[in-house]
Amino acid sequence: MLWVTCPRCGHRPIDEFKFGGEIPDVPASITDDAARDLDRVWMFNNVDGVTTERWFHEGGCRRWMTLKRDTHLDRVIED
Amino acid sequence: MTDISDGQPQVEVRSSATPAGRIVIDNQPIEFFAGDTVAIAAIRAGQHPATGGTLCLAGDCGNCCAIVDSTPWVRTCQTKAKPGLAVLRQPAVGAPALNLTPPKSAVSSPIAAVIDVRHINADVIVVGGGASGTAAATQASADGHTVTILDANEGNEVVGIYAGPTVIVRTPEGMRHFHAHEVIVATGAADLQPACEGNLSKGIYTAGAAATLAETHIELDNALTVTSQPVRIVADDNGWVSGVVTADADGNDVLSDCNSLIVDLGHMGRDLLSRMTDERAVTIVGPAAEHYPLPPCPTSGIVCSCSKVTVEDLDGVWLRGFNELELVKRAALFGTGTCQGGVCMPYLRSFVADRAGSVPEPFTARPISRQLTIGEASAGAYADNFRMSPLHDEHLKLGAQMDRFGGWWRPWNYGDVLGEYWAVREAVSLGDVSTLGKMVVSGPDVVEVLERLYPNNVHDIKVGRSRYVLLLNERGHLLDDGMICRESETRFVLTFTSGGASFAEMWVRDWVETWGLDCHILDRTTSLAAINVTGPLAGELLRRVGVAEPPKFLQHRHETVAGVPCHIMRLSFTGEASFELHHPVHRSVELWQTLMAEGRALGIKPHGLQALFGMRLEKGHVIVGMDTELDSSPRRIGMEWAVKMGKPYFVGLEALKRVEPLPDHRRLFGFTMASPAPVEGAPIYHDGTIVGHVSSSFDSPLLGKAVMLGWIKREPFPDTVTIDGRTATVSAPPFYDAEGRRARA
Amino acid sequence: MPEQLRFAHVDARRIVAKPAAMDAVTWPTGTIALRIADDDVLLIGAGTTDITAITDITVADEHAIISDDAGWSGIWLTSAQVESIALRHIHWPLPPQRPVLAQGLIAAIPSKLWLGPDGDALLLVATVSVDEMQERLS
Amino acid sequence: MNEFVETLLDLHWHEPKSSYDVVIVGGGGHGLATAYYLATRHGITNVAVVEANYIGSGNSGRNTTIIRANYGIPESIRFYQHSMDLYKTLEDDTGCWIMHNTKGLIWLAHTESAMRSERARCQLNTAMGTETIMVDPAEIKQLCPQIDLTGSGRYPVLGASHHVGASTARHDRVVWAYAQGAMRLGVHVLQNTPVTGLLMDGDRVTGVKTATGNISAGVVMSAVGGDVTQFAAHAGVRLPIRTHPLQAFVTNGYAQGFGPIISDTELLSYVSQTARGQMLIGAEYDRQQSFSRQSSFDFLQSCATKVSYLLPFLKNLRIMRQWTGRCDVSSDFSPVMGFTPAPGFVITTGWGTWGFKAIPAGGEAMAELIATDTTPEIIEPFSLNRFATDHSMADQGSTGTR
């Protein structure tokens, strides 16, 4: 069971949260506007390691939070 | 003790204690003593608890598995004997039958917690109450930790250690989920079992098992102990050990007679629990962590007793080129039975080391470490959370057939779909739309927020007016649709579809936060119920319940209706004049009952989703998720009019601009054809090839023909197509009241 | 939980406003302010207070959303009942301080649990989910 | 010797070379099938399949072995139907026993909207030549007597679509069938050889870097599962892929007694009995992206709960083992096959939870693409550039399912 500390509600099992996905981050090497949009909406960085992502505390305060997670081990990184 | 069944008089009960009761093994009653496990009771009675094989009596192997009280694959060495317990030996060849009799707990819904489950927050968990576990617990305690020892001998079987670390334990009282800071695995060492010909005989015990039997005052008959791998174990016609062949110093075979064989071949660390997790807070101590020398490479007989894999099998796969430990395992199906390699792994490693010349790592440890039933695993969990409108009981009273839609129970019909349809078209009808998403947004930046969220214009919506809007994602594809109602310069009410409501709140909050704009959000989906009063007499009904002047089309206002505070929105999904009355959930029943009572004289009937889906189709209204697909843009569904490409920004604008010059190769069209209407999903053909499919269809009682929406996904778009072997005409919706006079009436 | 728990409608007022404005409010006596988030309060009556009669709530935020919130059902629980529910149906630790609002899944249903100063507690759940909740807790 | 061993054919291992016409990265089903069809259909045998671990060690050895074609869009139905057809003759073609067993798949509906979806599925499947028919509760009970049609009082079964030709095969043996067939014709399979990078000549991919040295290649194909985003990045190729864990579990073995595959789109779970008698149970992939292959008890608990509603007898059964694979889910839930912007670098990915059933058709098509330097028509809809051309292939009816 993974646990997340919601800044409003406290320590909670991750099944109370909805996964909002990675925060899109288009590589700077893509410079054309349309190409950047295409990459932003269809492609993923799919990081194997520490990534910053959004989670929504659906079962509690119903607010978003941004957290870091190591996708290699699937561990939430608590600050 | 007398001989029963195929057993032999090999034991002697030295205790003078009286038996605690009887269990039944293969329909033969046997006595047991207080504290006996099923396996020990069987051995005491001169029997093997299963069909054969070395017994460890420590839960490591699967050789004592039997069908206990109808449940197959139960380790009898870990099952306490209870009076009346029925034990059947599992078939020696093949597998036990699937027991189709549901357990008592399945008679009721799985929602009822039958097995007690508790979540316990713990500091330090020590798995194993032996010497190393006790020592580790004492140390942790001295370091100021609160320690919980989980010992299988006390009935606390650790099923697995998962991320967290979370320790899942089966106890006599139920399932326990320990959420720990630290876990110390001190599970000790398991006895190696013999890997030689004859090792599936009855009457073979590991040294540990023999010690356990001694503790329970069972003395093995004519027992012999061997401390090196036997050459061969010899058995009688009943499968009981009658002797053992060992090699003497010169390598010559020597046969020794015995009725019981004790094998003392060394140990292997019970490290399965620590190997199945990558959790850093899990450590392993004591004999469990030790590296034991691998046994000599086996030369004959069954090596993996769960899956009956022989040395010959291992050689067979090796010679065929399967020369990786994992490939050998998979090809020979080695170590994939009850013990999951728990006792046979050293022999496999020893085999591969012998053939390959280097010692391989053990294969991956996968949960679970102790068998659990699916019922035990499921305890305490729920699959879904169905929501109910406050009008649920009213619908039932009116004979509604309820259906689940978007996570809610909703009336599918009230038993008279056609009557419901005509009530809307000719008189007045009520629809329960409590499930719609409803949200209040307010703030200095609210117009900016909505202009960015929606592709349509928002700033020019007048106070007291509303507008239909699409919600797009960043790909320019449809997420949802709904209404925007302006309440003041800086306050709006938004509606979303029933299925989209939960997502909509996440979506709106995410963007408002991302943009850093100043706008309050209050989701009112579950606080407000809503009743749609629709039909040519809807306005009249409202007047009869005290609304002197019902709002005009696309107007909305707050007004008390029959004593209930309502937000009345005038719109139309059915094609007739429609007033959605949004009101507090706890006043819904009285409002519904008043409307039904006052409407009786007008011919009122409630309508369900089934009639609604048909009526909206006559109007050509798209249902998001039913007519649209995950990648439907406004252009593809013919709703470019709801998109203002000239706006500086809205979510999805960049994508729509990017694809604007690309050819339009998919489009949702309206179709008509003679009744009967084809099944929804029916393929659409043109020139003999499939070019699309029908997304919704309806036999229009009013129009006397079938009306449809459907996708054509190949250019050029034809004017006529073939559906269901018949000709259908492409026909732009709406199919009914194209001018919208009735909705505005 | 052997006894059948019967939830009842709870009148409430919902206030959404700037966090600073929210911090500055003194809530009327006889009310319990459940702070769902910095900008979000669910105000309910304590004891005999009729929350619907309290209409003079002012928050220093001209854009504040102040509305009736009729969507909740609740039940008052003794500390023993809380303990029994927590043991079986709450997977997270209850906060130690009192009074306090704890929100999260209870029996896998989104819930608000207000733990009062005297050990009593109010369990709130959306009325649309109350049937599921009652079945799961019984 | 047991029958599982007796029926295996030999794997012929070769000494690696430093150059091949084609290097396929990833020794799972897709990589090996591509090599097999390159050799058998196109006579191209100067091929190496480079595998970081042992063959079939990724998702090919971790899936739930279901083979079906009852998809929701014509392009997918056609592709998967072709794959099913290839599976049917695979034992004859390769001489390997893959334990292929046609048992049918029952896709249950509990709501009117689910019934509508299943009716639509039947319509389109039938039109495409895939036998999928609606069955009523009585017929379902006949096909699967173990089912509780009331869904324990909570998920009443209104009906189902019955995908008659659905089957299962032993996952490992499919991998080995392709491996031995390809190796016999001279294809090299290099195990324990992690690829650490790509050799590039400008934009063009010219080979792979491995821990034991560089291997040059005329064409490099990625049949990588799980790490494909990172691998394609070596060629500067961005992918519409997110990697999620997919978990499953099996019970101990029981005598054969459970006929069809039971699947449920509302409860998102499925159940079948393996050739070894184990009940094999799975559900949807984990919500969050992750590369971890650690199983979770949450999964076991929720999956066990879901299947217990429909098949209460399962509650008695003993769970033996659970496991986790990594599945690469594409932006529109359809696979990605074909050329990439990098010359000399082709890819097969986005297999989500349906990669096993696609092995024969995917391998056959990719072999043809490599051999002819042209995209075969059957996989044309699944090209990587479909997103740029506004031809995404969203198959709503198949998302979140196996």
# chains A, B, ... in the order shown; residues from 1 in each chain; ligands from 1

$ residues_around --residues "B:Ala97" --least-positions-apart "6" --cutoff "9 Å" --atoms "only C-alpha atoms" --output "ChimeraX atom specification"
/B:72 /D:254-257

$ closest_atom_pairs --of "chain A" --to "chain C" --cutoff "8 Å" --atoms "only C-alpha atoms" --output "tab-separated table"
residue	atom	partner	partner_atom	distance
A:Arg8	CA	C:Ala37	CA	6.5
A:Cys9	CA	C:Gln103	CA	6.2
A:His11	CA	C:Trp92	CA	6.9
A:Arg12	CA	C:Trp92	CA	5.8
A:Pro13	CA	C:Trp92	CA	6.9
A:Glu16	CA	C:Leu105	CA	6.5
A:Glu58	CA	C:Pro110	CA	7.6
A:Gly59	CA	C:Pro110	CA	4.5
A:Gly60	CA	C:Gly104	CA	4.2
A:Cys61	CA	C:Ile36	CA	5.6
A:Arg63	CA	C:Ala37	CA	8.0

$ interface_residues --of "chain A" --to "chain B" --cutoff "9 Å" --atoms "only C-alpha atoms" --output "PDB file with C-alpha atoms, in the first residue's frame"
ATOM      1  CA  MET A   1       0.000   0.000   0.000  1.00  0.00           C
ATOM      2  CA  LEU A   2       1.407   3.350  -1.039  1.00  0.00           C
ATOM      3  CA  TRP A   3       0.721   6.313   1.189  1.00  0.00           C
ATOM      4  CA  GLY A  20      -3.716  13.036 -12.842  1.00  0.00           C
ATOM      5  CA  ASP A  33       4.709  25.568 -32.325  1.00  0.00           C
ATOM      6  CA  ALA A  34       2.586  22.895 -33.958  1.00  0.00           C
ATOM      7  CA  ALA A  35       5.195  20.238 -33.268  1.00  0.00           C
ATOM      8  CA  ASP A  37       1.537  21.100 -29.381  1.00  0.00           C
ATOM      9  CA  LEU A  38       1.553  17.667 -31.002  1.00  0.00           C
ATOM     10  CA  ARG A  40       2.450  18.040 -25.573  1.00  0.00           C
ATOM     11  CA  VAL A  41      -0.896  16.373 -26.181  1.00  0.00           C
ATOM     12  CA  TRP A  42       0.109  12.987 -27.580  1.00  0.00           C
ATOM     13  CA  ARG A  54      -0.651  15.569 -10.169  1.00  0.00           C
ATOM     14  CA  PHE A  56      -6.476  14.583  -6.841  1.00  0.00           C
ATOM     15  CA  GLU A  58     -11.003  12.399  -4.501  1.00  0.00           C
ATOM     16  CA  ARG A  62     -11.253  17.065  -3.419  1.00  0.00           C
ATOM     17  CA  ARG A  63      -8.273  19.247  -4.202  1.00  0.00           C
ATOM     18  CA  TRP A  64      -5.207  18.677  -6.347  1.00  0.00           C
ATOM     19  CA  LEU A  73      10.024   1.506  -7.670  1.00  0.00           C
ATOM     20  CA  ASP A  74       6.573   3.094  -7.541  1.00  0.00           C
ATOM     21  CA  ARG A  75       7.329   5.000  -4.356  1.00  0.00           C
TER      22      ARG A  75
END

$ select_by_dssp --residues "stretch 167-292 of chain B" --states "alpha helix (DSSP H)" --output "number ranges by chain"
B: 207-215, 272-275

$ write_last_selection --atoms "N, CA, C and O atoms" --output "compact mmCIF listing (two decimals), in the first residue's frame"
# COMPACT_ATOMS: atom_id res chain seq x y z
N ALA B 207 14.32 -33.77 9.55
CA ALA B 207 14.78 -33.79 10.94
C ALA B 207 13.90 -32.88 11.79
O ALA B 207 13.57 -33.19 12.94
N GLY B 208 13.52 -31.75 11.21
CA GLY B 208 12.66 -30.82 11.95
C GLY B 208 11.31 -31.44 12.23
O GLY B 208 10.75 -31.29 13.33
N ALA B 209 10.77 -32.15 11.25
CA ALA B 209 9.47 -32.79 11.44
C ALA B 209 9.58 -33.85 12.53
O ALA B 209 8.69 -33.98 13.38
N ALA B 210 10.68 -34.59 12.51
CA ALA B 210 10.87 -35.64 13.52
C ALA B 210 10.92 -35.02 14.90
O ALA B 210 10.34 -35.56 15.87
N ALA B 211 11.57 -33.87 15.01
CA ALA B 211 11.64 -33.19 16.30
C ALA B 211 10.25 -32.75 16.74
O ALA B 211 9.89 -32.86 17.92
N THR B 212 9.46 -32.23 15.80
CA THR B 212 8.10 -31.81 16.13
C THR B 212 7.28 -33.01 16.62
O THR B 212 6.54 -32.91 17.61
N LEU B 213 7.45 -34.15 15.97
CA LEU B 213 6.71 -35.34 16.38
C LEU B 213 7.13 -35.78 17.78
O LEU B 213 6.29 -36.18 18.60
N ALA B 214 8.42 -35.67 18.04
CA ALA B 214 8.90 -36.04 19.37
C ALA B 214 8.26 -35.15 20.43
O ALA B 214 7.85 -35.61 21.49
N GLU B 215 8.13 -33.86 20.11
CA GLU B 215 7.51 -32.94 21.07
C GLU B 215 6.06 -33.32 21.34
O GLU B 215 5.52 -33.03 22.40
N LEU B 272 12.01 -16.15 1.42
CA LEU B 272 10.99 -15.80 0.42
C LEU B 272 10.35 -14.44 0.71
O LEU B 272 10.19 -13.61 -0.19
N LEU B 273 10.00 -14.20 1.96
CA LEU B 273 9.30 -12.96 2.31
C LEU B 273 10.14 -11.73 2.02
O LEU B 273 9.63 -10.71 1.56
N SER B 274 11.43 -11.83 2.30
CA SER B 274 12.26 -10.64 2.06
C SER B 274 12.59 -10.50 0.59
O SER B 274 12.80 -9.40 0.10
N ARG B 275 12.62 -11.63 -0.14
CA ARG B 275 12.95 -11.52 -1.56
C ARG B 275 11.77 -11.04 -2.40
O ARG B 275 11.94 -10.60 -3.52

$ interface_residues --of "chain D" --to "chain A" --cutoff "7 Å" --atoms "only C-alpha atoms" --output "JSON, numbers by chain"
{"D": [229, 238, 239, 240, 241, 242, 243, 287, 288, 289, 290, 291, 292, 296, 298, 331, 388]}

$ closest_atom_pairs --of "chain D" --to "chain B" --cutoff "6 Å" --atoms "only C-alpha atoms" --output "tab-separated table"
residue	atom	partner	partner_atom	distance
D:Met1	CA	B:Asp313	CA	5.1
D:Val5	CA	B:Ala332	CA	5.9
D:Asp10	CA	B:Arg320	CA	4.3
D:Leu11	CA	B:Gly321	CA	4.9
D:Thr111	CA	B:Asp403	CA	5.9
D:Ala120	CA	B:Gly681	CA	3.7
D:Gln123	CA	B:Ala682	CA	5.3
D:Leu124	CA	B:Pro683	CA	5.8
D:Ser152	CA	B:Ser109	CA	5.0
D:Tyr254	CA	B:Ala95	CA	4.8
D:Ala255	CA	B:Ala97	CA	4.8
D:Gln301	CA	B:Ser378	CA	4.5
D:Ala304	CA	B:Ser378	CA	4.9
D:Thr305	CA	B:Ser378	CA	4.6
D:Lys306	CA	B:Ala383	CA	5.9
D:Pro312	CA	B:Pro102	CA	5.5
D:Phe313	CA	B:Pro102	CA	4.5
D:Lys315	CA	B:Gly375	CA	4.0
D:Asn316	CA	B:Thr373	CA	5.8
D:Leu317	CA	B:Thr373	CA	5.2
D:Arg318	CA	B:Thr373	CA	4.2
D:Ile319	CA	B:Leu372	CA	5.5
D:Met320	CA	B:Gln371	CA	6.0
D:Arg321	CA	B:Ile368	CA	5.5
D:Gln322	CA	B:Pro367	CA	5.7
D:Ala394	CA	B:Leu630	CA	5.8

$ residues_around --residues "stretch 353-362 of chain D" --least-positions-apart "6" --cutoff "8 Å" --atoms "only C-alpha atoms" --output "list in words"
Gly29, His30, Ala33, Thr34, Ser60, Asn63, Thr65, Ile66, Ile67, Arg68, Phe79, Tyr80, His82, Ser83, Met84, Leu86, Tyr87, His171, Leu246, Tyr285, Cys327, Asp328, Val329, Thr401 and Arg402 of chain D

$ closest_atom_pairs --of "chain C" --to "chain B" --cutoff "6 Å" --atoms "only C-alpha atoms" --output "CSV"
residue,atom,partner,partner_atom,distance
C:His63,CA,B:Gly443,CA,5.0
C:Asp69,CA,B:Ser527,CA,5.8
C:Ala70,CA,B:Ser527,CA,5.2
C:Gly71,CA,B:Ser527,CA,3.6
C:Leu87,CA,B:Arg118,CA,5.9
C:Arg88,CA,B:Arg118,CA,5.3
C:His91,CA,B:His119,CA,5.6
C:Val128,CA,B:Met388,CA,4.8
C:Ser129,CA,B:Arg387,CA,5.2

$ residues_around --residues "B:Cys485" --least-positions-apart "6" --cutoff "10 Å" --atoms "only C-alpha atoms" --output "list in words"
Val440, Val458, Ile461, Lys462, Val463, Gly464, Arg465, Ser466, Arg467, Tyr468, Arg491, Phe492, Val493, Leu494, Thr495, Leu554, Gln555, His556, Arg557 and Met569 of chain B

$ atom_distance --atom1 "atom CA of C:Gly47" --atom2 "atom CA of C:Lys18"
28.5 Å

$ atom_distance --atom1 "atom CA of D:Asp148" --atom2 "atom CA of D:Tyr309"
7.6 Å

$ residues_around --residues "stretch 425-428 of chain B" --least-positions-apart "3" --cutoff "8 Å" --atoms "only C-alpha atoms" --output "MDAnalysis selection string"
chainID B and resid 421:422 533:538 541 576 599 602:605

$ select_by_dssp --residues "chain A" --states "strand (DSSP E or B)" --output "JSON, numbers by chain"
{"A": [3, 4, 5, 6, 10, 11, 12, 13, 18, 19, 20, 21, 22, 50, 51, 52, 53, 54, 55, 56, 64, 65, 66, 67, 68, 69, 70, 75, 76, 77]}

$ decode --residues "stretch 172-216 of chain D" --atoms "C-alpha atoms" --output "CSV table (one decimal), in the first residue's frame"
chain,number,residue,atom,x,y,z
D,172,ASP,CA,6.1,-19.4,-22.7
D,173,ARG,CA,5.5,-22.1,-25.4
D,174,VAL,CA,4.5,-19.4,-27.9
D,175,VAL,CA,7.8,-17.7,-27.3
D,176,TRP,CA,9.7,-20.9,-27.6
D,177,ALA,CA,7.8,-21.9,-30.8
D,178,TYR,CA,8.9,-18.8,-32.5
D,179,ALA,CA,12.4,-18.9,-31.0
D,180,GLN,CA,13.1,-22.5,-32.1
D,181,GLY,CA,11.7,-21.9,-35.5
D,182,ALA,CA,13.8,-18.8,-36.1
D,183,MET,CA,16.9,-20.3,-34.5
D,184,ARG,CA,16.6,-23.5,-36.6
D,185,LEU,CA,16.8,-21.3,-39.7
D,186,GLY,CA,19.9,-19.5,-38.5
D,187,VAL,CA,18.6,-16.6,-36.6
D,188,HIS,CA,20.8,-15.7,-33.7
D,189,VAL,CA,19.3,-15.1,-30.3
D,190,LEU,CA,21.6,-13.4,-27.8
D,191,GLN,CA,20.4,-13.7,-24.2
D,192,ASN,CA,21.7,-11.7,-21.3
D,193,THR,CA,22.7,-8.9,-23.6
D,194,PRO,CA,21.3,-5.6,-22.5
D,195,VAL,CA,21.3,-3.0,-25.2
D,196,THR,CA,22.8,0.2,-23.8
D,197,GLY,CA,22.4,2.5,-26.8
D,198,LEU,CA,22.1,2.9,-30.5
D,199,LEU,CA,24.8,3.4,-33.1
D,200,MET,CA,23.9,6.5,-35.2
D,201,ASP,CA,25.0,7.9,-38.4
D,202,GLY,CA,23.4,11.3,-38.3
D,203,ASP,CA,19.7,10.6,-38.0
D,204,ARG,CA,20.1,7.0,-39.2
D,205,VAL,CA,20.3,4.1,-36.8
D,206,THR,CA,23.1,1.8,-37.8
D,207,GLY,CA,23.3,-0.7,-35.0
D,208,VAL,CA,23.1,-1.2,-31.2
D,209,LYS,CA,25.5,-0.8,-28.4
D,210,THR,CA,25.6,-3.6,-25.9
D,211,ALA,CA,27.6,-4.3,-22.7
D,212,THR,CA,29.7,-6.8,-24.7
D,213,GLY,CA,30.3,-4.7,-27.8
D,214,ASN,CA,28.6,-2.9,-30.7
D,215,ILE,CA,26.5,-4.8,-33.3
D,216,SER,CA,25.9,-3.1,-36.6
